[in-house]
file entry28.txt (compact mmCIF, C-alpha atoms and all ligand atoms)
# COMPACT_ATOMS: atom_id res chain seq x y z
CA MET A 1 39.06 7.19 17.86
CA ASP A 2 42.44 8.78 18.42
CA SER A 3 44.13 9.29 15.04
CA LEU A 4 47.48 8.20 16.47
CA VAL A 5 46.48 4.53 16.42
CA HIS A 6 46.26 4.71 12.62
CA ILE A 7 50.00 5.37 12.25
CA PRO A 8 51.65 1.98 11.70
CA ASP A 9 55.15 1.34 12.96
CA PRO A 10 58.05 1.15 12.46
CA VAL A 11 58.06 4.88 11.64
CA LEU A 12 60.93 6.53 9.76
CA VAL A 13 61.15 10.33 10.04
CA VAL A 14 63.13 12.02 7.25
CA CYS A 15 63.65 15.78 7.43
CA ALA A 16 65.99 18.32 5.87
CA HIS A 17 67.30 20.25 8.87
CA GLU A 18 67.68 20.13 12.62
CA ASP A 19 64.49 21.53 14.23
CA ASP A 20 62.18 20.58 11.31
CA ILE A 21 61.24 17.38 13.11
CA GLU A 22 60.45 18.91 16.49
CA ILE A 23 58.56 21.92 15.12
CA HIS A 24 56.30 19.96 12.80
CA ALA A 25 56.05 16.46 14.27
CA GLY A 26 57.63 16.50 17.75
CA GLY A 27 54.37 15.94 19.60
CA THR A 28 53.34 13.08 17.32
CA ILE A 29 56.72 11.43 17.74
CA ALA A 30 56.63 11.81 21.53
CA ARG A 31 53.22 10.13 21.57
CA LEU A 32 54.35 7.33 19.24
CA VAL A 33 57.35 6.60 21.47
CA GLN A 34 55.13 6.68 24.57
CA ALA A 35 52.83 4.16 22.87
CA GLY A 36 55.80 1.82 22.45
CA LYS A 37 56.11 2.32 18.69
CA GLN A 38 59.48 2.18 16.99
CA VAL A 39 60.62 5.57 15.62
CA SER A 40 63.88 6.32 13.77
CA CYS A 41 64.91 9.81 12.67
CA VAL A 42 67.09 10.82 9.72
CA LEU A 43 68.42 14.32 9.05
CA ALA A 44 69.52 14.95 5.47
CA THR A 45 71.74 17.89 6.42
CA SER A 46 73.35 19.08 9.61
CA GLY A 47 72.07 22.60 9.03
CA ASN A 48 75.61 23.74 8.43
CA ARG A 49 74.70 27.00 6.72
CA GLY A 50 71.94 28.03 9.12
CA THR A 51 73.50 31.20 10.53
CA GLY A 52 73.90 34.89 9.76
CA ASP A 53 77.28 34.99 11.51
CA PRO A 54 80.17 34.98 8.98
CA ALA A 55 82.66 34.15 11.76
CA LYS A 56 81.17 30.67 12.11
CA THR A 57 82.48 27.78 10.04
CA MET A 58 80.27 25.12 8.50
CA GLU A 59 82.05 22.49 10.59
CA GLU A 60 81.41 24.36 13.85
CA LEU A 61 77.79 24.92 13.00
CA ALA A 62 77.23 21.28 12.05
CA ALA A 63 78.71 20.14 15.37
CA THR A 64 76.53 22.59 17.32
CA ARG A 65 73.37 21.64 15.48
CA GLU A 66 73.95 17.90 15.71
CA ALA A 67 74.48 18.28 19.48
CA GLU A 68 71.23 20.27 19.73
CA GLN A 69 69.45 17.61 17.66
CA ARG A 70 70.69 14.84 19.96
CA GLU A 71 69.24 16.70 22.95
CA ALA A 72 65.97 17.34 21.12
CA SER A 73 65.64 13.70 20.06
CA ALA A 74 66.37 12.58 23.62
CA ALA A 75 63.60 14.89 24.85
CA LEU A 76 61.17 13.05 22.55
CA GLY A 77 62.48 9.64 23.56
CA VAL A 78 64.00 8.90 20.14
CA GLU A 79 67.15 6.80 20.37
CA ASP A 80 67.79 6.03 16.69
CA LEU A 81 69.12 9.18 15.01
CA THR A 82 71.09 9.34 11.75
CA PHE A 83 72.83 12.33 10.13
CA LEU A 84 73.36 11.98 6.38
CA ARG A 85 75.50 15.17 6.38
CA PHE A 86 74.68 16.63 3.00
CA ASP A 87 75.41 20.34 2.89
CA ASP A 88 72.59 22.63 4.00
CA GLY A 89 70.94 24.32 1.00
CA ASP A 90 72.41 21.94 -1.58
CA LEU A 91 69.90 19.08 -1.54
CA LEU A 92 68.33 20.08 -4.85
CA TYR A 93 71.71 19.36 -6.47
CA GLU A 94 72.31 16.07 -4.65
CA GLY A 95 69.37 14.21 -6.17
CA ARG A 96 70.87 10.85 -7.02
CA ARG A 97 73.13 10.63 -3.95
CA LEU A 98 70.29 11.72 -1.65
CA ARG A 99 67.92 9.21 -3.23
CA GLU A 100 70.40 6.36 -2.78
CA ALA A 101 70.89 7.32 0.88
CA LEU A 102 67.13 7.35 1.50
CA ILE A 103 66.58 4.03 -0.33
CA ARG A 104 69.28 2.56 1.90
CA CYS A 105 67.60 3.95 5.05
CA ILE A 106 64.23 2.54 3.98
CA ARG A 107 65.60 -0.90 3.16
CA ALA A 108 67.55 -0.99 6.43
CA ASN A 109 64.73 0.26 8.68
CA ARG A 110 61.77 -1.34 6.83
CA PRO A 111 59.31 1.34 7.99
CA ARG A 112 55.56 0.95 7.45
CA ALA A 113 55.12 4.73 7.75
CA ILE A 114 57.35 7.67 6.83
CA ILE A 115 57.01 11.20 8.17
CA THR A 116 58.62 13.67 5.77
CA HIS A 117 58.16 17.01 4.04
CA ASP A 118 55.29 17.51 1.61
CA PRO A 119 56.77 17.32 -1.93
CA PHE A 120 53.83 19.41 -3.15
CA PRO A 121 53.04 21.64 -0.21
CA GLY A 122 50.52 23.77 -2.03
CA ASN A 123 50.38 27.52 -2.32
CA GLY A 124 53.87 28.48 -1.27
CA SER A 125 52.98 32.12 -0.96
CA GLU A 126 51.14 31.18 2.22
CA ASP A 127 54.26 29.71 3.80
CA ALA A 128 57.65 30.37 2.20
CA CYS A 129 59.27 27.84 4.56
CA SER A 130 57.26 25.01 3.00
CA ILE A 131 58.71 25.63 -0.46
CA TYR A 132 62.30 26.07 0.71
CA PRO A 133 64.16 23.89 -1.82
CA ASP A 134 65.72 21.57 0.78
CA HIS A 135 62.27 20.82 2.18
CA VAL A 136 60.48 19.97 -1.07
CA THR A 137 63.57 18.09 -2.31
CA VAL A 138 63.56 15.82 0.73
CA GLY A 139 59.82 15.28 0.37
CA TYR A 140 60.01 14.50 -3.32
CA THR A 141 63.05 12.27 -2.96
CA ALA A 142 61.61 10.41 0.05
CA PHE A 143 58.38 9.88 -1.91
CA GLN A 144 60.31 8.47 -4.86
CA ALA A 145 62.59 6.35 -2.66
CA ALA A 146 59.67 4.92 -0.65
CA PHE A 147 57.12 4.14 -3.32
CA VAL A 148 59.21 3.66 -6.49
CA CYS A 149 62.81 2.71 -5.73
CA ALA A 150 63.17 0.89 -2.39
CA PRO A 151 60.60 -1.75 -3.52
CA GLY A 152 62.35 -2.28 -6.87
CA PRO A 153 65.22 -4.76 -6.91
CA LEU A 154 66.77 -3.15 -9.98
CA PHE A 155 67.27 0.13 -8.12
CA HIS A 156 70.66 -0.11 -6.41
CA PRO A 157 70.96 -3.91 -6.61
CA GLU A 158 74.23 -3.59 -4.70
CA HIS A 159 72.07 -3.07 -1.59
CA LEU A 160 70.60 -6.53 -2.07
CA ALA A 161 74.07 -7.99 -2.23
CA GLU A 162 74.71 -6.33 1.15
CA GLY A 163 71.65 -8.05 2.61
CA LEU A 164 69.25 -5.11 2.33
CA ASP A 165 66.07 -6.46 0.75
CA PRO A 166 63.51 -4.44 -1.25
CA TRP A 167 60.86 -2.81 0.92
CA LYS A 168 57.74 -0.72 0.32
CA PRO A 169 56.34 1.52 3.05
CA GLU A 170 52.56 1.83 3.22
CA VAL A 171 52.05 5.52 3.85
CA LEU A 172 53.72 8.93 3.97
CA TYR A 173 52.65 11.57 6.48
CA CYS A 174 53.69 14.92 5.03
CA ILE A 175 54.59 17.90 7.22
CA MET A 176 54.47 21.56 6.13
CA SER A 177 51.46 20.89 3.90
CA SER A 178 48.95 23.63 3.17
CA ARG A 179 46.36 20.82 2.94
CA PRO A 180 46.72 18.73 6.10
CA ASP A 181 44.06 16.03 6.34
CA PHE A 182 45.30 14.05 9.35
CA PHE A 183 45.62 15.59 12.80
CA VAL A 184 47.25 14.28 15.95
CA ASP A 185 46.25 15.56 19.40
CA ILE A 186 49.45 16.85 20.99
CA ALA A 187 47.99 18.59 24.04
CA PRO A 188 49.08 15.74 26.35
CA VAL A 189 52.71 16.07 25.23
CA TRP A 190 53.03 19.81 24.67
CA PRO A 191 55.67 20.25 27.42
CA GLN A 192 57.74 17.49 25.81
CA LYS A 193 57.43 19.01 22.32
CA TRP A 194 58.40 22.43 23.59
CA GLY A 195 61.25 20.88 25.61
CA ALA A 196 62.57 19.44 22.34
CA ILE A 197 62.11 22.59 20.21
CA ARG A 198 63.90 24.78 22.73
CA GLN A 199 67.09 22.70 22.39
CA HIS A 200 67.69 24.37 19.01
CA ARG A 201 69.36 27.38 20.61
CA SER A 202 71.56 28.21 17.61
CA GLN A 203 68.33 28.95 15.73
CA GLY A 204 66.93 31.12 18.52
CA ARG A 205 64.15 28.63 19.27
CA HIS A 206 64.58 29.02 23.03
CA VAL A 207 64.00 32.77 23.34
CA LEU A 208 61.10 34.51 25.05
CA GLY A 209 57.90 34.33 23.03
CA MET A 210 58.85 31.25 21.02
CA GLU A 211 56.74 28.83 23.05
CA GLN A 212 53.68 30.99 22.46
CA PHE A 213 54.53 31.29 18.76
CA PHE A 214 54.60 27.53 18.30
CA ARG A 215 51.61 27.00 20.59
CA ASN A 216 49.59 29.36 18.38
CA ILE A 217 50.44 27.25 15.32
CA ALA A 218 49.38 24.08 17.17
CA ARG A 219 46.17 25.78 18.31
CA GLU A 220 45.35 26.84 14.73
CA LEU A 221 45.91 23.30 13.45
CA GLY A 222 43.91 21.91 16.37
CA GLY A 223 41.03 24.21 15.52
CA ARG A 224 40.67 22.42 12.18
CA ALA A 225 40.12 19.10 13.94
CA GLY A 226 38.24 20.03 17.10
CA LEU A 227 41.37 19.67 19.22
CA GLU A 228 43.06 22.12 21.57
CA LEU A 229 46.57 21.57 20.14
CA ALA A 230 47.46 19.47 17.10
CA GLU A 231 50.04 18.66 14.47
CA GLY A 232 48.75 18.27 10.93
CA PHE A 233 49.86 16.02 8.08
CA ARG A 234 48.83 15.27 4.51
CA VAL A 235 48.51 11.54 4.00
CA LEU A 236 49.93 9.91 0.86
CA LEU A 237 49.10 6.23 0.57
CA ALA A 238 51.18 3.84 -1.50
CA THR A 239 49.42 2.75 -4.64
ZN ZN A 301 64.13 23.03 7.48
call {"tool": "encode", "arguments": {"input": "entry28.txt", "output": "structure tokens"}}
result
Amino acid sequence: MDSLVHIPDPVLVVCAHEDDIEIHAGGTIARLVQAGKQVSCVLATSGNRGTGDPAKTMEELAATREAEQREASAALGVEDLTFLRFDDGDLLYEGRRLREALIRCIRANRPRAIITHDPFPGNGSEDACSIYPDHVTVGYTAFQAAFVCAPGPLFHPEHLAEGLDPWKPEVLYCIMSSRPDFFVDIAPVWPQKWGAIRQHRSQGRHVLGMEQFFRNIARELGGRAGLELAEGFRVLLAT
């Protein structure tokens, strides 16, 4: 049976930076949208420090990257896109504010599944990107918000007064894990995934060789599941 049918919707995707979503879950999201499932995406930062060019300002970069993200989300068919606009690289120091923002998103969207970073991605020496502090912070905070705080009425009771009721998602699908145990066949939507990734021009994702680079990653993940091209997740079920 196709693994995709096991992902319950609504689905809330919570990632740290523009391009995290498309690179690690773009094919899965394209397939969910095609299947008529409800998908909302949240970006914790607007990637406003993601450059080596000192002439750029954080404001300019945020505007560029949000515009690229809108194009990428449109390529996947995602219409509901939220930017929380924390500063890139600072999430580790924004714990309580970030957690409140994610609790609010969960109570407002009432997702059954969340796609986010793996809070415990494993041996970081294998993939430095997976232990980048913004990534593990989003994963850890989303985990806490989903399974501990959003269901608890004494966490941010002011939300309840605003009409946002407690809510507990059923499952987290973690990207960037060194131990993926759930694979989605993305061969049918590869052109759509690549069409979304390549929108992130400020990060050089559109240049020659990039499609092959990302295809090789998808082929490696697919090889673990008997698929040509796949995305891989570690599943964390609510207790
Ligand atoms: Zn990132």
call {"tool": "residues_near_ligand", "arguments": {"input": "entry28.txt", "ligand": "ligand ZN 301 (chain A)", "cutoff": "8 Å", "atoms": "all atoms listed in the file", "output": "PyMOL selection string"}}
result
chain A and resi 15-20+129+132+134-135
call {"tool": "write_last_selection", "arguments": {"input": "entry28.txt", "atoms": "C-alpha atoms", "output": "compact mmCIF listing (two decimals), keeping the file's coordinate frame"}}
result
# COMPACT_ATOMS: atom_id res chain seq x y z
CA CYS A 15 63.65 15.78 7.43
CA ALA A 16 65.99 18.32 5.87
CA HIS A 17 67.30 20.25 8.87
CA GLU A 18 67.68 20.13 12.62
CA ASP A 19 64.49 21.53 14.23
CA ASP A 20 62.18 20.58 11.31
CA CYS A 129 59.27 27.84 4.56
CA TYR A 132 62.30 26.07 0.71
CA ASP A 134 65.72 21.57 0.78
CA HIS A 135 62.27 20.82 2.18
call {"tool": "closest_atom_pairs", "arguments": {"input": "entry28.txt", "of": "region 17-132 of chain A", "to": "region 180-185 of chain A", "cutoff": "10 Å", "atoms": "all atoms listed in the file", "output": "CSV"}}
result
residue,atom,partner,partner_atom,distance
A:Ala25,CA,A:Val184,CA,9.2
A:Gly27,CA,A:Asp185,CA,8.1
A:Thr28,CA,A:Val184,CA,6.4
A:Arg31,CA,A:Asp185,CA,9.1
A:Asp118,CA,A:Pro180,CA,9.8
A:Pro121,CA,A:Pro180,CA,9.4
call {"tool": "atom_distance", "arguments": {"input": "entry28.txt", "atom1": "CA of Leu32 (chain A)", "atom2": "CA of Pro8 (chain A)"}}
result
9.6 Å
call {"tool": "atom_distance", "arguments": {"input": "entry28.txt", "atom1": "CA of Gln69 (chain A)", "atom2": "CA of Leu98 (chain A)"}}
result
20.2 Å
call {"tool": "atom_distance", "arguments": {"input": "entry28.txt", "atom1": "CA of Ala63 (chain A)", "atom2": "CA of Val78 (chain A)"}}
result
19.1 Å
call {"tool": "residues_around", "arguments": {"input": "entry28.txt", "residues": "Pro151 (chain A)", "least_positions_apart": "5", "cutoff": "9 Å", "atoms": "all atoms listed in the file", "output": "ChimeraX atom specification"}}
result
/A:103,107,145-146,165-169
call {"tool": "write_last_selection", "arguments": {"input": "entry28.txt", "atoms": "C-alpha atoms", "output": "short mmCIF file (atom, residue, chain, number, x, y, z; two decimals), in the coordinates of the input"}}
result
data_model
loop_
_atom_site.label_atom_id
_atom_site.label_comp_id
_atom_site.auth_asym_id
_atom_site.auth_seq_id
_atom_site.Cartn_x
_atom_site.Cartn_y
_atom_site.Cartn_z
CA ILE A 103 66.58 4.03 -0.33
CA ARG A 107 65.60 -0.90 3.16
CA ALA A 145 62.59 6.35 -2.66
CA ALA A 146 59.67 4.92 -0.65
CA ASP A 165 66.07 -6.46 0.75
CA PRO A 166 63.51 -4.44 -1.25
CA TRP A 167 60.86 -2.81 0.92
CA LYS A 168 57.74 -0.72 0.32
CA PRO A 169 56.34 1.52 3.05
#
call {"tool": "closest_residue", "arguments": {"input": "entry28.txt", "among": "A:Met176, A:Ala101, A:Ile197, A:Ala161", "to": "Gly122 (chain A)", "atoms": "all atoms listed in the file"}}
result
A:Met176
call {"tool": "closest_residue", "arguments": {"input": "entry28.txt", "among": "A:Cys105, A:Ala74, A:Ala238, A:Val171", "to": "Asp9 (chain A)", "atoms": "only C-alpha atoms"}}
result
A:Val171
call {"tool": "closest_residue", "arguments": {"input": "entry28.txt", "among": "A:Ala150, A:Ala30, A:Ile186, A:Ala128", "to": "Leu164 (chain A)", "atoms": "only C-alpha atoms"}}
result
A:Ala150
call {"tool": "residues_around", "arguments": {"input": "entry28.txt", "residues": "Arg70 (chain A)", "least_positions_apart": "6", "cutoff": "12 Å", "atoms": "all atoms listed in the file", "output": "number ranges by chain"}}
result
A: 18-19, 21-22, 41-43, 46, 63-64, 76-83, 196-197, 199-200
call {"tool": "build_atoms", "arguments": {"input": "entry28.txt", "residues": "region 80-113 of chain A", "atoms": "N, CA and C atoms", "output": "short mmCIF file (atom, residue, chain, number, x, y, z; two decimals), in the coordinates of the input"}}
result
data_model
loop_
_atom_site.label_atom_id
_atom_site.label_comp_id
_atom_site.auth_asym_id
_atom_site.auth_seq_id
_atom_site.Cartn_x
_atom_site.Cartn_y
_atom_site.Cartn_z
N ASP A 80 67.16 6.34 17.98
CA ASP A 80 67.79 6.03 16.69
C ASP A 80 67.82 7.28 15.82
N LEU A 81 68.98 7.89 15.70
CA LEU A 81 69.12 9.18 15.01
C LEU A 81 70.30 9.09 14.05
N THR A 82 70.05 9.44 12.77
CA THR A 82 71.09 9.34 11.75
C THR A 82 71.27 10.69 11.06
N PHE A 83 72.52 11.10 10.88
CA PHE A 83 72.83 12.33 10.13
C PHE A 83 73.46 11.93 8.79
N LEU A 84 72.81 12.31 7.69
CA LEU A 84 73.36 11.98 6.38
C LEU A 84 74.44 12.98 5.95
N ARG A 85 74.43 14.16 6.52
CA ARG A 85 75.50 15.17 6.38
C ARG A 85 75.70 15.68 4.96
N PHE A 86 74.60 15.83 4.23
CA PHE A 86 74.68 16.63 3.00
C PHE A 86 74.76 18.09 3.42
N ASP A 87 75.30 18.94 2.54
CA ASP A 87 75.41 20.34 2.89
C ASP A 87 74.05 21.04 2.84
N ASP A 88 73.80 21.82 3.87
CA ASP A 88 72.59 22.63 4.00
C ASP A 88 72.41 23.51 2.76
N GLY A 89 71.24 23.47 2.15
CA GLY A 89 70.94 24.32 1.00
C GLY A 89 71.28 23.70 -0.34
N ASP A 90 71.95 22.55 -0.33
CA ASP A 90 72.41 21.94 -1.58
C ASP A 90 71.59 20.73 -2.02
N LEU A 91 70.56 20.37 -1.29
CA LEU A 91 69.90 19.08 -1.54
C LEU A 91 69.34 18.97 -2.96
N LEU A 92 68.88 20.09 -3.49
CA LEU A 92 68.33 20.08 -4.85
C LEU A 92 69.36 19.56 -5.86
N TYR A 93 70.63 19.74 -5.55
CA TYR A 93 71.71 19.36 -6.47
C TYR A 93 72.35 18.02 -6.11
N GLU A 94 71.76 17.35 -5.13
CA GLU A 94 72.31 16.07 -4.65
C GLU A 94 71.38 14.92 -4.97
N GLY A 95 70.48 15.13 -5.93
CA GLY A 95 69.37 14.21 -6.17
C GLY A 95 69.70 12.73 -6.11
N ARG A 96 70.63 12.28 -6.94
CA ARG A 96 70.87 10.85 -7.02
C ARG A 96 71.52 10.29 -5.75
N ARG A 97 72.46 11.08 -5.19
CA ARG A 97 73.13 10.63 -3.95
C ARG A 97 72.14 10.61 -2.78
N LEU A 98 71.29 11.66 -2.72
CA LEU A 98 70.29 11.72 -1.65
C LEU A 98 69.31 10.56 -1.78
N ARG A 99 68.89 10.28 -3.03
CA ARG A 99 67.92 9.21 -3.23
C ARG A 99 68.52 7.86 -2.82
N GLU A 100 69.76 7.63 -3.17
CA GLU A 100 70.40 6.36 -2.78
C GLU A 100 70.46 6.24 -1.26
N ALA A 101 70.80 7.35 -0.59
CA ALA A 101 70.89 7.32 0.88
C ALA A 101 69.53 7.01 1.50
N LEU A 102 68.46 7.59 0.93
CA LEU A 102 67.13 7.35 1.50
C LEU A 102 66.64 5.94 1.19
N ILE A 103 66.93 5.43 -0.02
CA ILE A 103 66.58 4.03 -0.33
C ILE A 103 67.25 3.10 0.68
N ARG A 104 68.52 3.38 0.95
CA ARG A 104 69.28 2.56 1.90
C ARG A 104 68.64 2.61 3.29
N CYS A 105 68.26 3.81 3.74
CA CYS A 105 67.60 3.95 5.05
C CYS A 105 66.30 3.16 5.10
N ILE A 106 65.53 3.24 4.01
CA ILE A 106 64.23 2.54 3.98
C ILE A 106 64.44 1.03 3.99
N ARG A 107 65.37 0.55 3.20
CA ARG A 107 65.60 -0.90 3.16
C ARG A 107 66.17 -1.40 4.48
N ALA A 108 66.95 -0.58 5.15
CA ALA A 108 67.55 -0.99 6.43
C ALA A 108 66.54 -0.95 7.57
N ASN A 109 65.67 0.08 7.57
CA ASN A 109 64.73 0.26 8.68
C ASN A 109 63.39 -0.42 8.46
N ARG A 110 63.04 -0.69 7.19
CA ARG A 110 61.77 -1.34 6.83
C ARG A 110 60.56 -0.69 7.53
N PRO A 111 60.42 0.65 7.34
CA PRO A 111 59.31 1.34 7.99
C PRO A 111 57.98 1.07 7.30
N ARG A 112 56.90 1.01 8.07
CA ARG A 112 55.56 0.95 7.45
C ARG A 112 55.06 2.36 7.17
N ALA A 113 55.53 3.34 7.95
CA ALA A 113 55.12 4.73 7.75
C ALA A 113 56.35 5.62 7.71
#
